[in-house]
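Below is the file target_38.pdb, which contains PDB, C-alpha atoms, pLDDT in the B column.
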ATOM      1  CA  MET A   1      53.153-154.161  60.398  1.00 71.00           C
ATOM      2  CA  GLU A   2      54.969-154.948  57.164  1.00 77.00           C
ATOM      3  CA  ARG A   3      53.629-158.497  57.268  1.00 78.00           C
ATOM      4  CA  SER A   4      49.997-157.354  57.586  1.00 78.00           C
ATOM      5  CA  LEU A   5      50.509-154.863  54.735  1.00 78.00           C
ATOM      6  CA  LYS A   6      51.747-157.688  52.485  1.00 80.00           C
ATOM      7  CA  ALA A   7      48.782-159.835  53.497  1.00 78.00           C
ATOM      8  CA  LEU A   8      46.349-156.990  52.754  1.00 76.00           C
ATOM      9  CA  THR A   9      48.011-156.412  49.365  1.00 79.00           C
ATOM     10  CA  LEU A  10      47.696-160.109  48.553  1.00 74.00           C
ATOM     11  CA  VAL A  11      44.017-160.189  49.533  1.00 72.00           C
ATOM     12  CA  LEU A  12      43.253-157.090  47.439  1.00 65.00           C
ATOM     13  CA  ALA A  13      45.129-158.558  44.463  1.00 65.00           C
ATOM     14  CA  LEU A  14      43.160-161.802  44.720  1.00 65.00           C
ATOM     15  CA  LEU A  15      39.866-159.922  44.948  1.00 62.00           C
ATOM     16  CA  GLY A  16      40.804-157.806  41.941  1.00 59.00           C
ATOM     17  CA  ALA A  17      41.679-160.916  39.958  1.00 61.00           C
ATOM     18  CA  THR A  18      38.183-162.321  40.479  1.00 59.00           C
ATOM     19  CA  ALA A  19      36.473-159.385  38.770  1.00 58.00           C
ATOM     20  CA  CYS A  20      33.961-160.686  36.246  1.00 66.00           C
ATOM     21  CA  TYR A  21      33.648-159.349  32.704  1.00 71.00           C
ATOM     22  CA  HIS A  22      30.139-158.453  31.468  1.00 76.00           C
ATOM     23  CA  ALA A  23      29.161-156.768  28.199  1.00 80.00           C
ATOM     24  CA  THR A  24      25.669-156.117  26.810  1.00 83.00           C
ATOM     25  CA  ILE A  25      24.611-155.131  23.301  1.00 80.00           C
ATOM     26  CA  ASP A  26      21.037-153.857  23.018  1.00 81.00           C
ATOM     27  CA  THR A  27      19.629-153.443  19.486  1.00 78.00           C
ATOM     28  CA  GLY A  28      16.606-151.424  20.593  1.00 78.00           C
ATOM     29  CA  ARG A  29      14.134-154.014  19.302  1.00 83.00           C
ATOM     30  CA  PRO A  30      11.481-155.277  21.745  1.00 87.00           C
ATOM     31  CA  PRO A  31      12.540-158.536  23.446  1.00 88.00           C
ATOM     32  CA  SER A  32      10.639-161.810  23.226  1.00 87.00           C
ATOM     33  CA  PRO A  33      10.681-164.542  25.874  1.00 88.00           C
ATOM     34  CA  GLN A  34      12.825-166.799  23.648  1.00 88.00           C
ATOM     35  CA  THR A  35      16.517-166.901  24.538  1.00 89.00           C
ATOM     36  CA  ILE A  36      19.578-168.840  23.468  1.00 90.00           C
ATOM     37  CA  GLU A  37      22.134-169.512  26.220  1.00 91.00           C
ATOM     38  CA  ARG A  38      25.643-170.902  26.042  1.00 90.00           C
ATOM     39  CA  PRO A  39      26.934-170.985  29.662  1.00 89.00           C
ATOM     40  CA  TRP A  40      30.260-172.592  28.676  1.00 90.00           C
ATOM     41  CA  ALA A  41      31.035-171.157  25.222  1.00 89.00           C
ATOM     42  CA  THR A  42      34.562-172.284  24.381  1.00 88.00           C
ATOM     43  CA  SER A  43      37.145-169.542  24.084  1.00 86.00           C
ATOM     44  CA  LEU A  44      40.891-170.161  24.035  1.00 88.00           C
ATOM     45  CA  ILE A  45      44.055-168.349  25.163  1.00 88.00           C
ATOM     46  CA  TYR A  46      42.395-165.753  27.405  1.00 81.00           C
ATOM     47  CA  GLY A  47      39.790-165.011  24.728  1.00 79.00           C
ATOM     48  CA  LEU A  48      42.208-164.410  21.854  1.00 86.00           C
ATOM     49  CA  VAL A  49      40.451-167.255  20.009  1.00 87.00           C
ATOM     50  CA  PRO A  50      36.776-166.305  20.374  1.00 85.00           C
ATOM     51  CA  PRO A  51      33.936-168.758  20.905  1.00 87.00           C
ATOM     52  CA  PRO A  52      32.018-170.080  17.886  1.00 87.00           C
ATOM     53  CA  VAL A  53      29.287-167.876  16.434  1.00 84.00           C
ATOM     54  CA  VAL A  54      25.864-168.388  17.997  1.00 86.00           C
ATOM     55  CA  GLU A  55      23.545-169.182  15.076  1.00 85.00           C
ATOM     56  CA  THR A  56      20.380-167.153  15.654  1.00 84.00           C
ATOM     57  CA  ALA A  57      18.822-166.982  12.184  1.00 82.00           C
ATOM     58  CA  SER A  58      16.698-170.113  12.563  1.00 83.00           C
ATOM     59  CA  ARG A  59      15.698-169.571  16.207  1.00 86.00           C
ATOM     60  CA  CYS A  60      15.127-165.812  16.090  1.00 86.00           C
ATOM     61  CA  PRO A  61      13.014-165.122  12.974  1.00 86.00           C
ATOM     62  CA  ASN A  62      12.452-161.495  14.028  1.00 86.00           C
ATOM     63  CA  GLY A  63      16.111-160.798  14.695  1.00 86.00           C
ATOM     64  CA  VAL A  64      17.957-160.199  17.946  1.00 88.00           C
ATOM     65  CA  SER A  65      16.980-157.839  20.744  1.00 87.00           C
ATOM     66  CA  ARG A  66      19.922-158.244  23.117  1.00 88.00           C
ATOM     67  CA  VAL A  67      23.266-160.056  23.381  1.00 88.00           C
ATOM     68  CA  GLU A  68      25.051-160.509  26.702  1.00 88.00           C
ATOM     69  CA  THR A  69      28.505-161.954  27.240  1.00 87.00           C
ATOM     70  CA  GLN A  70      29.942-162.574  30.648  1.00 88.00           C
ATOM     71  CA  ILE A  71      32.767-164.377  32.368  1.00 86.00           C
ATOM     72  CA  THR A  72      31.208-165.721  35.530  1.00 84.00           C
ATOM     73  CA  PHE A  73      33.196-166.665  38.594  1.00 85.00           C
ATOM     74  CA  LEU A  74      33.117-170.356  37.609  1.00 87.00           C
ATOM     75  CA  ASN A  75      34.179-169.498  34.033  1.00 85.00           C
ATOM     76  CA  TRP A  76      37.061-167.462  35.456  1.00 85.00           C
ATOM     77  CA  LEU A  77      38.039-170.249  37.864  1.00 87.00           C
ATOM     78  CA  VAL A  78      38.202-172.828  35.055  1.00 89.00           C
ATOM     79  CA  GLY A  79      40.276-170.390  32.998  1.00 88.00           C
ATOM     80  CA  GLN A  80      42.706-169.967  35.874  1.00 86.00           C
ATOM     81  CA  LEU A  81      42.952-173.725  36.469  1.00 92.00           C
ATOM     82  CA  THR A  82      43.834-174.281  32.795  1.00 91.00           C
ATOM     83  CA  LEU A  83      46.343-171.389  32.853  1.00 89.00           C
ATOM     84  CA  GLY A  84      44.214-169.445  30.386  1.00 85.00           C
ATOM     85  CA  ILE A  85      44.319-172.055  27.647  1.00 90.00           C
ATOM     86  CA  TYR A  86      40.595-172.811  27.974  1.00 92.00           C
ATOM     87  CA  THR A  87      38.681-169.675  28.972  1.00 88.00           C
ATOM     88  CA  PRO A  88      34.937-170.287  28.760  1.00 90.00           C
ATOM     89  CA  MET A  89      32.366-167.515  28.754  1.00 89.00           C
ATOM     90  CA  TRP A  90      28.594-167.279  29.175  1.00 90.00           C
ATOM     91  CA  ILE A  91      26.616-165.979  26.183  1.00 89.00           C
ATOM     92  CA  LYS A  92      22.915-165.157  26.216  1.00 91.00           C
ATOM     93  CA  VAL A  93      20.990-163.997  23.141  1.00 91.00           C
ATOM     94  CA  THR A  94      17.454-162.649  23.546  1.00 91.00           C
ATOM     95  CA  CYS A  95      15.370-162.877  20.386  1.00 91.00           C
ATOM     96  CA  ALA A  96      13.327-159.875  19.230  1.00 89.00           C
ATOM     97  CA  ALA A  97       9.546-159.913  19.404  1.00 87.00           C
ATOM     98  CA  ALA A  98       7.397-159.667  16.296  1.00 80.00           C
ATOM     99  CA  SER A  99       5.922-156.274  15.533  1.00 68.00           C
ATOM    100  CA  SER A 100       3.761-154.836  12.788  1.00 50.00           C
ATOM    101  CA  GLU A 101       6.726-152.729  11.643  1.00 51.00           C
ATOM    102  CA  ASP A 102       8.855-155.782  10.799  1.00 45.00           C
ATOM    103  CA  GLY A 103       7.719-155.936   7.167  1.00 43.00           C
ATOM    104  CA  ALA A 104       8.835-152.380   6.474  1.00 45.00           C
ATOM    105  CA  ALA A 105      12.074-152.831   8.408  1.00 46.00           C
ATOM    106  CA  LEU A 106      12.991-155.899   6.376  1.00 45.00           C
ATOM    107  CA  ASN A 107      11.883-154.325   3.060  1.00 52.00           C
ATOM    108  CA  ASP A 108       9.316-157.106   2.653  1.00 66.00           C
ATOM    109  CA  LYS A 109      12.024-159.784   2.614  1.00 69.00           C
ATOM    110  CA  LEU A 110      12.424-162.829   4.817  1.00 73.00           C
ATOM    111  CA  VAL A 111      15.623-164.880   4.735  1.00 73.00           C
ATOM    112  CA  ILE A 112      15.424-168.364   6.236  1.00 75.00           C
ATOM    113  CA  ASP A 113      18.478-170.471   7.028  1.00 73.00           C
ATOM    114  CA  SER A 114      18.293-173.570   4.815  1.00 72.00           C
ATOM    115  CA  LYS A 115      19.903-175.615   7.618  1.00 73.00           C
ATOM    116  CA  ALA A 116      17.089-174.740  10.047  1.00 71.00           C
ATOM    117  CA  ASP A 117      14.889-177.509  11.378  1.00 73.00           C
ATOM    118  CA  LEU A 118      11.411-178.054   9.959  1.00 74.00           C
ATOM    119  CA  ALA A 119       9.596-176.426  12.911  1.00 72.00           C
ATOM    120  CA  SER A 120      11.666-173.233  12.570  1.00 73.00           C
ATOM    121  CA  LYS A 121      11.004-173.075   8.828  1.00 75.00           C
ATOM    122  CA  GLN A 122       7.270-173.555   9.410  1.00 76.00           C
ATOM    123  CA  LEU A 123       7.269-170.799  12.034  1.00 75.00           C
ATOM    124  CA  ALA A 124       9.098-168.440   9.655  1.00 77.00           C
ATOM    125  CA  LEU A 125       6.646-169.170   6.849  1.00 79.00           C
ATOM    126  CA  THR A 126       3.683-168.603   9.189  1.00 79.00           C
ATOM    127  CA  MET A 127       5.152-165.274  10.264  1.00 78.00           C
ATOM    128  CA  ALA A 128       5.708-164.306   6.610  1.00 79.00           C
ATOM    129  CA  ALA A 129       2.064-165.106   5.850  1.00 81.00           C
ATOM    130  CA  ARG A 130       0.913-162.960   8.785  1.00 79.00           C
ATOM    131  CA  ARG A 131       3.208-160.111   7.750  1.00 77.00           C
ATOM    132  CA  SER A 132       1.897-160.348   4.180  1.00 78.00           C
ATOM    133  CA  ALA A 133      -1.693-160.157   5.446  1.00 79.00           C
ATOM    134  CA  GLU A 134      -0.869-157.136   7.646  1.00 77.00           C
ATOM    135  CA  LEU A 135       0.852-155.269   4.826  1.00 75.00           C
ATOM    136  CA  GLY A 136      -1.571-156.358   2.120  1.00 76.00           C
ATOM    137  CA  GLN A 137       1.269-157.250  -0.224  1.00 77.00           C
ATOM    138  CA  PRO A 138       3.477-160.254  -0.956  1.00 77.00           C
ATOM    139  CA  ILE A 139       6.590-161.038   1.088  1.00 76.00           C
ATOM    140  CA  TRP A 140       9.772-162.201  -0.629  1.00 75.00           C
ATOM    141  CA  ILE A 141      11.197-165.358   1.024  1.00 78.00           C
ATOM    142  CA  ALA A 142      14.695-166.778   0.455  1.00 75.00           C
ATOM    143  CA  PHE A 143      16.226-169.979   1.801  1.00 75.00           C
ATOM    144  CA  ARG A 144      19.995-169.572   2.273  1.00 72.00           C
TER     145      ARG A 144
END

Any chance you could put this one into structure tokens?
Amino acid sequence: MERSLKALTLVLALLGATACYHATIDTGRPPSPQTIERPWATSLIYGLVPPPVVETASRCPNGVSRVETQITFLNWLVGQLTLGIYTPMWIKVTCAAASSEDGAALNDKLVIDSKADLASKQLALTMAARRSAELGQPIWIAFR
């Protein structure tokens, strides 16, 4: 009896240790189909050293709709095998969709990352031109 109780305790402890972490931040902006995923974002020492920042400025010109972070079973397994030194996590960023209210929300300003690729800059400029036409006024654009 005592042996089966120890075995049951061990099984429950192992199942509890495999629980996966999942957090979601929703900004309330409408989502677009464009996402940025990092399934193995590098985190160290059980997450005490967080993963690098996911640069969204150039790929999400309308901002961010949703951010999800999760430690999947495979992420957890790798963390356990490395004794918590390398603890990867899965990050998914969903870009926000364009809306006619964007010009007012951004106070008629558009900031473009100067390190963005040419296609992203062209897309941002096209969106600024559309926003300017919708609002009937100029849009201020900055490259940073």

request  = Pick out the residues sitting within 7 Å of region 59-73 of chain A, and hand them over as a count of residues only; count all atoms listed in the file, and ignore anything fewer than 5 positions along from it in its own chain.
outcome  = 25

CA of Asn75 (chain A) to CA of Ile45 (chain A), straight-line distance in Å = 13.3 Å

message = Given all atoms listed in the file as the basis, pick out the residue of A:Ser114, A:Thr87, A:Thr126, A:Thr9 nearest to Ser58 (chain A).
response = A:Ser114

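Compared by their closest atoms to Leu44 (chain A), and using all atoms listed in the file, the residues A:Ser4, A:Gln80, A:Gln137, A:Lys115 rank with A:Gln80 nearest.
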
inquiry  = Here is a test: counting all atoms listed in the file, which residue of A:Ile141, A:Ala57, A:Ala128, A:Pro88 is nearest to Leu74 (chain A)?
reply    = A:Pro88

Could you expand the PyMOL selection byres ((chain A and resi 52) around 8) into the explicit residues it covers here, written as an mmCIF file with C-alpha atoms, in the coordinates of the input?
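In the end it all went to result.cif:
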data_model
loop_
_atom_site.group_PDB
_atom_site.id
_atom_site.type_symbol
_atom_site.label_atom_id
_atom_site.label_comp_id
_atom_site.auth_asym_id
_atom_site.auth_seq_id
_atom_site.Cartn_x
_atom_site.Cartn_y
_atom_site.Cartn_z
ATOM 1 C CA ALA A 41 31.035 -171.157 25.222
ATOM 2 C CA THR A 42 34.562 -172.284 24.381
ATOM 3 C CA PRO A 50 36.776 -166.305 20.374
ATOM 4 C CA PRO A 51 33.936 -168.758 20.905
ATOM 5 C CA VAL A 53 29.287 -167.876 16.434
ATOM 6 C CA VAL A 54 25.864 -168.388 17.997
#

request  = Kindly indicate which residue among A:Phe143, A:Trp76, A:Tyr86, A:Tyr46 lies nearest to Ile112 (chain A), using all atoms listed in the file for the distances.
outcome  =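 Distance minimum relative to Ile112 (chain A) lands on A:Phe143.
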
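In this structure, CA of Gly47 (chain A) sits 8.9 Å away from CA of Ile85 (chain A).
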
task = Find the spatial neighbours of Pro138 (chain A), counting only C-alpha atoms, within a cut-off of 10 Å - ignore same-chain residues fewer than 2 positions away - and output them as a list in words.
result =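 Contacts, in chain order: Asp108, Lys109, Ala128, Ala129, Arg131, Ser132, Ala133, Leu135, Gly136, Trp140 and Ile141 of chain A.
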